[in-house]
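Containing mmCIF, C-alpha atoms: input17.cif.
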data_protein
#
loop_
_atom_site.group_PDB
_atom_site.id
_atom_site.type_symbol
_atom_site.label_atom_id
_atom_site.label_comp_id
_atom_site.auth_asym_id
_atom_site.auth_seq_id
_atom_site.Cartn_x
_atom_site.Cartn_y
_atom_site.Cartn_z
ATOM 1 C CA MET X 1 -122.087 53.129 69.249
ATOM 2 C CA LEU X 2 -118.500 52.071 68.711
ATOM 3 C CA ALA X 3 -115.862 52.582 66.057
ATOM 4 C CA VAL X 4 -113.891 49.381 65.440
ATOM 5 C CA ALA X 5 -110.518 49.078 63.713
ATOM 6 C CA PRO X 6 -110.355 47.058 60.487
ATOM 7 C CA GLY X 7 -110.018 43.336 61.167
ATOM 8 C CA ARG X 8 -110.106 43.788 64.953
ATOM 9 C CA ALA X 9 -112.625 43.194 67.776
ATOM 10 C CA LEU X 10 -114.236 40.279 65.990
ATOM 11 C CA GLN X 11 -116.403 39.328 68.987
ATOM 12 C CA LEU X 12 -117.931 42.812 68.994
ATOM 13 C CA ARG X 13 -118.520 42.643 65.274
ATOM 14 C CA ALA X 14 -120.324 39.315 65.715
ATOM 15 C CA ARG X 15 -122.605 40.848 68.398
ATOM 16 C CA ALA X 16 -123.352 43.983 66.372
ATOM 17 C CA HIS X 17 -126.937 44.851 65.439
ATOM 18 C CA SER X 18 -125.647 46.939 62.581
ATOM 19 C CA THR X 19 -122.338 47.829 60.974
ATOM 20 C CA ALA X 20 -121.526 50.755 58.707
ATOM 21 C CA PRO X 21 -118.412 52.678 57.684
ATOM 22 C CA ALA X 22 -117.418 55.085 60.457
ATOM 23 C CA ARG X 23 -117.024 58.780 59.719
ATOM 24 C CA GLN X 24 -114.029 58.862 62.079
ATOM 25 C CA PRO X 25 -111.495 57.287 62.268
ATOM 26 C CA ALA X 26 -111.326 56.799 58.514
ATOM 27 C CA GLY X 27 -111.384 53.170 57.416
ATOM 28 C CA TRP X 28 -112.979 51.946 60.661
ATOM 29 C CA ASP X 29 -116.476 50.522 61.053
ATOM 30 C CA GLU X 30 -119.241 51.875 63.240
ATOM 31 C CA VAL X 31 -121.028 49.106 65.139
ATOM 32 C CA HIS X 32 -124.069 49.143 67.405
ATOM 33 C CA VAL X 33 -123.917 46.628 70.264
ATOM 34 C CA THR X 34 -126.400 46.008 73.073
ATOM 35 C CA TYR X 35 -125.031 45.343 76.563
ATOM 36 C CA MET X 36 -126.624 44.678 79.947
ATOM 37 C CA ASP X 37 -123.946 45.759 82.436
ATOM 38 C CA ARG X 38 -122.225 49.028 81.503
ATOM 39 C CA PHE X 39 -119.325 48.563 83.950
ATOM 40 C CA SER X 40 -118.557 45.042 82.736
ATOM 41 C CA PHE X 41 -118.861 46.078 79.088
ATOM 42 C CA ALA X 42 -116.509 49.005 79.736
ATOM 43 C CA GLY X 43 -113.925 46.536 81.019
ATOM 44 C CA THR X 44 -114.330 44.434 77.895
ATOM 45 C CA LEU X 45 -113.827 47.490 75.701
ATOM 46 C CA ALA X 46 -110.832 48.689 77.726
ATOM 47 C CA ALA X 47 -109.199 45.291 77.171
ATOM 48 C CA LEU X 48 -109.494 45.845 73.419
ATOM 49 C CA ALA X 49 -107.357 48.983 73.832
ATOM 50 C CA ASP X 50 -106.643 50.622 70.465
ATOM 51 C CA ALA X 51 -109.085 48.425 68.511
ATOM 52 C CA VAL X 52 -112.205 50.275 69.712
ATOM 53 C CA VAL X 53 -113.294 53.881 70.213
ATOM 54 C CA VAL X 54 -116.520 54.541 72.149
ATOM 55 C CA LEU X 55 -118.502 57.095 70.170
ATOM 56 C CA SER X 56 -121.543 57.049 72.480
ATOM 57 C CA PRO X 57 -122.970 57.077 75.046
ATOM 58 C CA PRO X 58 -120.668 59.437 76.974
ATOM 59 C CA SER X 59 -121.217 57.476 80.213
ATOM 60 C CA LEU X 60 -119.754 54.340 78.606
ATOM 61 C CA ARG X 61 -116.836 56.335 77.186
ATOM 62 C CA ASP X 62 -116.163 57.717 80.693
ATOM 63 C CA ASP X 63 -116.272 54.212 82.191
ATOM 64 C CA VAL X 64 -113.775 52.888 79.625
ATOM 65 C CA ALA X 65 -111.466 55.836 80.317
ATOM 66 C CA ALA X 66 -111.717 55.124 84.069
ATOM 67 C CA HIS X 67 -110.741 51.483 83.475
ATOM 68 C CA LEU X 68 -107.741 52.547 81.408
ATOM 69 C CA ARG X 69 -106.633 55.103 84.020
ATOM 70 C CA ALA X 70 -106.870 52.451 86.749
ATOM 71 C CA VAL X 71 -104.711 50.042 84.751
ATOM 72 C CA ALA X 72 -102.176 52.792 84.037
ATOM 73 C CA ALA X 73 -102.022 53.622 87.758
ATOM 74 C CA LEU X 74 -101.220 49.980 88.555
ATOM 75 C CA ALA X 75 -98.296 50.105 86.155
ATOM 76 C CA GLY X 76 -96.744 53.030 88.066
ATOM 77 C CA PRO X 77 -95.301 56.257 86.732
ATOM 78 C CA PRO X 78 -93.819 56.430 83.232
ATOM 79 C CA PRO X 79 -90.041 55.834 82.951
ATOM 80 C CA GLY X 80 -88.108 58.899 84.007
ATOM 81 C CA GLN X 81 -90.909 60.084 86.286
ATOM 82 C CA GLU X 82 -90.351 57.712 89.191
ATOM 83 C CA GLU X 83 -91.396 58.974 92.576
ATOM 84 C CA ASP X 84 -88.763 59.457 95.279
#

Encoded form using structure tokens:
Amino acid sequence: MLAVAPGRALQLRARAHSTAPARQPAGWDEVHVTYMDRFSFAGTLAALADAVVVLSPPSLRDDVAAHLRAVAALAGPPPGQEED
């Protein structure tokens, strides 16, 4: 189950089995999407960044977070926190 920002993630919306107003974040839609490969789907969701929030299952949410951490690590430390 995913929460999708208004007007965003149109491919996910098109694949959705059902769509309803999300309880949180307000104004977003809750969509139910079937996927075959959790790791690949997590990468797809990570690429959508702030347009999607994984509500469940927790394993998918963890995989998306891992993708985002890996991308952040590639970018290096935040400005002002450079390593010596």

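One distance worth recording is that between CA of Arg38 (chain X) and CA of Ser59 (chain X), which is 8.6 Å.
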
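Between CA of Leu74 (chain X) and CA of Phe41 (chain X) the interatomic distance comes to 20.4 Å.
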
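Proximity of X:Gly76, X:Gly43, X:Val52, X:Met36 to Val64 (chain X), computed with all atoms listed in the file, is greatest for X:Gly43.
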
Give, as AutoDock Vina command-line options, the centre coordinates and the x, y and z edge lengths in Å to one decimal for an axis-aligned box around all listed atoms of region 43-56 of chain X, padded by 3 Å on each side.
--center_x -114.1 --center_y 50.8 --center_z 74.8 --size_x 20.9 --size_y 18.7 --size_z 18.5

What does the distance between CA of Thr19 (chain X) and CA of Pro6 (chain X) come to in Å, to one decimal place?
12.0 Å

Could you tell me which residues the PyMOL selection byres ((chain X and resi 51) around 7) returns for this structure, as a PyMOL selection string?
chain X and resi 4-5+8-9+48-50+52

Pick from X:Ala47, X:Leu2, X:Ala42, X:Leu10: nearest to Arg23 (chain X), with all atoms listed in the file counted?
X:Leu2

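This file, queried with the PyMOL selection byres ((chain X and resi 20) around 9), gives the residues X:Ser18, X:Thr19, X:Pro21, X:Ala22, X:Trp28, X:Asp29, X:Glu30, X:Val31.
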
Residue selection dump (C-alpha atoms) as a compact mmCIF listing (two decimals), keeping the file's coordinate frame:
# COMPACT_ATOMS: atom_id res chain seq x y z
CA SER X 18 -125.65 46.94 62.58
CA THR X 19 -122.34 47.83 60.97
CA PRO X 21 -118.41 52.68 57.68
CA ALA X 22 -117.42 55.08 60.46
CA TRP X 28 -112.98 51.95 60.66
CA ASP X 29 -116.48 50.52 61.05
CA GLU X 30 -119.24 51.88 63.24
CA VAL X 31 -121.03 49.11 65.14

Point out the residue among X:Leu45, X:Ala14, X:Val54, X:Ala3 with the least atom-to-atom distance to Gly27 (chain X), counting only C-alpha atoms.
X:Ala3

Kindly indicate which residue among X:Ala26, X:Ala46, X:Val33, X:Met1 lies nearest to Asp63 (chain X), using only C-alpha atoms for the distances.
X:Ala46

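Here the question is which of X:Leu60, X:Gln81, X:Val71, X:Arg13 gets nearest to Asp37 (chain X) using only C-alpha atoms, and that residue is X:Leu60.
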
From X:Gly7, X:Pro77, X:Leu68, X:Pro57, residue lying nearest Thr44 (chain X) [all atoms listed in the file]
X:Leu68

Can you put N, CA and C atoms back into region 3-39 of chain X and show it as a PDB file, in the frame of the given file?
ATOM      1  N   ALA X   3    -116.654  52.657  67.280  1.00  0.00           N
ATOM      2  CA  ALA X   3    -115.862  52.582  66.057  1.00  0.00           C
ATOM      3  C   ALA X   3    -114.856  51.463  66.283  1.00  0.00           C
ATOM      4  N   VAL X   4    -114.736  50.565  65.300  1.00  0.00           N
ATOM      5  CA  VAL X   4    -113.891  49.381  65.440  1.00  0.00           C
ATOM      6  C   VAL X   4    -112.866  49.366  64.312  1.00  0.00           C
ATOM      7  N   ALA X   5    -111.613  49.108  64.680  1.00  0.00           N
ATOM      8  CA  ALA X   5    -110.518  49.078  63.713  1.00  0.00           C
ATOM      9  C   ALA X   5    -110.709  47.924  62.727  1.00  0.00           C
ATOM     10  N   PRO X   6    -110.225  48.104  61.509  1.00  0.00           N
ATOM     11  CA  PRO X   6    -110.355  47.058  60.487  1.00  0.00           C
ATOM     12  C   PRO X   6    -109.739  45.739  60.952  1.00  0.00           C
ATOM     13  N   GLY X   7    -110.517  44.657  60.832  1.00  0.00           N
ATOM     14  CA  GLY X   7    -110.018  43.336  61.167  1.00  0.00           C
ATOM     15  C   GLY X   7    -109.834  43.060  62.643  1.00  0.00           C
ATOM     16  N   ARG X   8    -110.304  43.936  63.505  1.00  0.00           N
ATOM     17  CA  ARG X   8    -110.106  43.788  64.953  1.00  0.00           C
ATOM     18  C   ARG X   8    -111.458  43.659  65.640  1.00  0.00           C
ATOM     19  N   ALA X   9    -111.428  43.294  66.925  1.00  0.00           N
ATOM     20  CA  ALA X   9    -112.625  43.194  67.776  1.00  0.00           C
ATOM     21  C   ALA X   9    -113.708  42.338  67.131  1.00  0.00           C
ATOM     22  N   LEU X  10    -113.319  41.153  66.723  1.00  0.00           N
ATOM     23  CA  LEU X  10    -114.236  40.279  65.990  1.00  0.00           C
ATOM     24  C   LEU X  10    -115.438  39.854  66.822  1.00  0.00           C
ATOM     25  N   GLN X  11    -115.268  39.683  68.141  1.00  0.00           N
ATOM     26  CA  GLN X  11    -116.403  39.328  68.987  1.00  0.00           C
ATOM     27  C   GLN X  11    -117.440  40.444  69.008  1.00  0.00           C
ATOM     28  N   LEU X  12    -116.993  41.687  69.047  1.00  0.00           N
ATOM     29  CA  LEU X  12    -117.931  42.812  68.994  1.00  0.00           C
ATOM     30  C   LEU X  12    -118.642  42.859  67.652  1.00  0.00           C
ATOM     31  N   ARG X  13    -117.907  42.636  66.612  1.00  0.00           N
ATOM     32  CA  ARG X  13    -118.520  42.643  65.274  1.00  0.00           C
ATOM     33  C   ARG X  13    -119.607  41.580  65.172  1.00  0.00           C
ATOM     34  N   ALA X  14    -119.351  40.399  65.762  1.00  0.00           N
ATOM     35  CA  ALA X  14    -120.324  39.315  65.715  1.00  0.00           C
ATOM     36  C   ALA X  14    -121.590  39.653  66.507  1.00  0.00           C
ATOM     37  N   ARG X  15    -121.459  40.456  67.563  1.00  0.00           N
ATOM     38  CA  ARG X  15    -122.605  40.848  68.398  1.00  0.00           C
ATOM     39  C   ARG X  15    -123.360  42.053  67.850  1.00  0.00           C
ATOM     40  N   ALA X  16    -122.798  42.714  66.853  1.00  0.00           N
ATOM     41  CA  ALA X  16    -123.352  43.983  66.372  1.00  0.00           C
ATOM     42  C   ALA X  16    -124.731  43.816  65.750  1.00  0.00           C
ATOM     43  N   HIS X  17    -125.614  44.778  66.061  1.00  0.00           N
ATOM     44  CA  HIS X  17    -126.937  44.851  65.439  1.00  0.00           C
ATOM     45  C   HIS X  17    -126.829  45.429  64.042  1.00  0.00           C
ATOM     46  N   SER X  18    -125.872  46.332  63.889  1.00  0.00           N
ATOM     47  CA  SER X  18    -125.647  46.939  62.581  1.00  0.00           C
ATOM     48  C   SER X  18    -124.191  47.372  62.481  1.00  0.00           C
ATOM     49  N   THR X  19    -123.711  47.409  61.258  1.00  0.00           N
ATOM     50  CA  THR X  19    -122.338  47.829  60.974  1.00  0.00           C
ATOM     51  C   THR X  19    -122.368  48.726  59.749  1.00  0.00           C
ATOM     52  N   ALA X  20    -121.620  49.824  59.830  1.00  0.00           N
ATOM     53  CA  ALA X  20    -121.526  50.755  58.707  1.00  0.00           C
ATOM     54  C   ALA X  20    -120.147  51.409  58.755  1.00  0.00           C
ATOM     55  N   PRO X  21    -119.683  51.960  57.653  1.00  0.00           N
ATOM     56  CA  PRO X  21    -118.412  52.678  57.684  1.00  0.00           C
ATOM     57  C   PRO X  21    -118.493  53.850  58.669  1.00  0.00           C
ATOM     58  N   ALA X  22    -117.460  53.986  59.487  1.00  0.00           N
ATOM     59  CA  ALA X  22    -117.418  55.085  60.457  1.00  0.00           C
ATOM     60  C   ALA X  22    -116.960  56.367  59.772  1.00  0.00           C
ATOM     61  N   ARG X  23    -117.485  57.483  60.227  1.00  0.00           N
ATOM     62  CA  ARG X  23    -117.024  58.780  59.719  1.00  0.00           C
ATOM     63  C   ARG X  23    -115.614  59.059  60.218  1.00  0.00           C
ATOM     64  N   GLN X  24    -115.347  58.693  61.466  1.00  0.00           N
ATOM     65  CA  GLN X  24    -114.029  58.862  62.079  1.00  0.00           C
ATOM     66  C   GLN X  24    -113.798  57.698  63.014  1.00  0.00           C
ATOM     67  N   PRO X  25    -112.663  57.163  63.133  1.00  0.00           N
ATOM     68  CA  PRO X  25    -111.495  57.287  62.268  1.00  0.00           C
ATOM     69  C   PRO X  25    -111.753  56.672  60.885  1.00  0.00           C
ATOM     70  N   ALA X  26    -111.145  57.247  59.894  1.00  0.00           N
ATOM     71  CA  ALA X  26    -111.326  56.799  58.514  1.00  0.00           C
ATOM     72  C   ALA X  26    -110.894  55.339  58.378  1.00  0.00           C
ATOM     73  N   GLY X  27    -111.689  54.570  57.651  1.00  0.00           N
ATOM     74  CA  GLY X  27    -111.384  53.170  57.416  1.00  0.00           C
ATOM     75  C   GLY X  27    -111.924  52.226  58.474  1.00  0.00           C
ATOM     76  N   TRP X  28    -112.416  52.767  59.589  1.00  0.00           N
ATOM     77  CA  TRP X  28    -112.979  51.946  60.661  1.00  0.00           C
ATOM     78  C   TRP X  28    -114.456  51.715  60.390  1.00  0.00           C
ATOM     79  N   ASP X  29    -115.044  50.790  61.151  1.00  0.00           N
ATOM     80  CA  ASP X  29    -116.476  50.522  61.053  1.00  0.00           C
ATOM     81  C   ASP X  29    -117.183  51.009  62.303  1.00  0.00           C
ATOM     82  N   GLU X  30    -118.391  51.471  62.127  1.00  0.00           N
ATOM     83  CA  GLU X  30    -119.241  51.875  63.240  1.00  0.00           C
ATOM     84  C   GLU X  30    -120.182  50.708  63.530  1.00  0.00           C
ATOM     85  N   VAL X  31    -120.170  50.230  64.772  1.00  0.00           N
ATOM     86  CA  VAL X  31    -121.028  49.106  65.139  1.00  0.00           C
ATOM     87  C   VAL X  31    -121.928  49.505  66.301  1.00  0.00           C
ATOM     88  N   HIS X  32    -123.110  48.931  66.324  1.00  0.00           N
ATOM     89  CA  HIS X  32    -124.069  49.143  67.405  1.00  0.00           C
ATOM     90  C   HIS X  32    -124.210  47.816  68.140  1.00  0.00           C
ATOM     91  N   VAL X  33    -123.900  47.836  69.446  1.00  0.00           N
ATOM     92  CA  VAL X  33    -123.917  46.628  70.264  1.00  0.00           C
ATOM     93  C   VAL X  33    -124.764  46.885  71.500  1.00  0.00           C
ATOM     94  N   THR X  34    -125.608  45.922  71.853  1.00  0.00           N
ATOM     95  CA  THR X  34    -126.400  46.008  73.073  1.00  0.00           C
ATOM     96  C   THR X  34    -125.624  45.340  74.213  1.00  0.00           C
ATOM     97  N   TYR X  35    -125.694  45.925  75.386  1.00  0.00           N
ATOM     98  CA  TYR X  35    -125.031  45.343  76.563  1.00  0.00           C
ATOM     99  C   TYR X  35    -125.956  45.517  77.762  1.00  0.00           C
ATOM    100  N   MET X  36    -125.774  44.641  78.759  1.00  0.00           N
ATOM    101  CA  MET X  36    -126.624  44.678  79.947  1.00  0.00           C
ATOM    102  C   MET X  36    -125.960  45.427  81.102  1.00  0.00           C
ATOM    103  N   ASP X  37    -124.678  45.195  81.301  1.00  0.00           N
ATOM    104  CA  ASP X  37    -123.946  45.759  82.436  1.00  0.00           C
ATOM    105  C   ASP X  37    -122.887  46.722  81.903  1.00  0.00           C
ATOM    106  N   ARG X  38    -123.127  48.012  82.073  1.00  0.00           N
ATOM    107  CA  ARG X  38    -122.225  49.028  81.503  1.00  0.00           C
ATOM    108  C   ARG X  38    -120.817  48.901  82.047  1.00  0.00           C
ATOM    109  N   PHE X  39    -120.660  48.644  83.349  1.00  0.00           N
ATOM    110  CA  PHE X  39    -119.325  48.563  83.950  1.00  0.00           C
ATOM    111  C   PHE X  39    -118.556  47.373  83.377  1.00  0.00           C
TER     112      PHE X  39
END
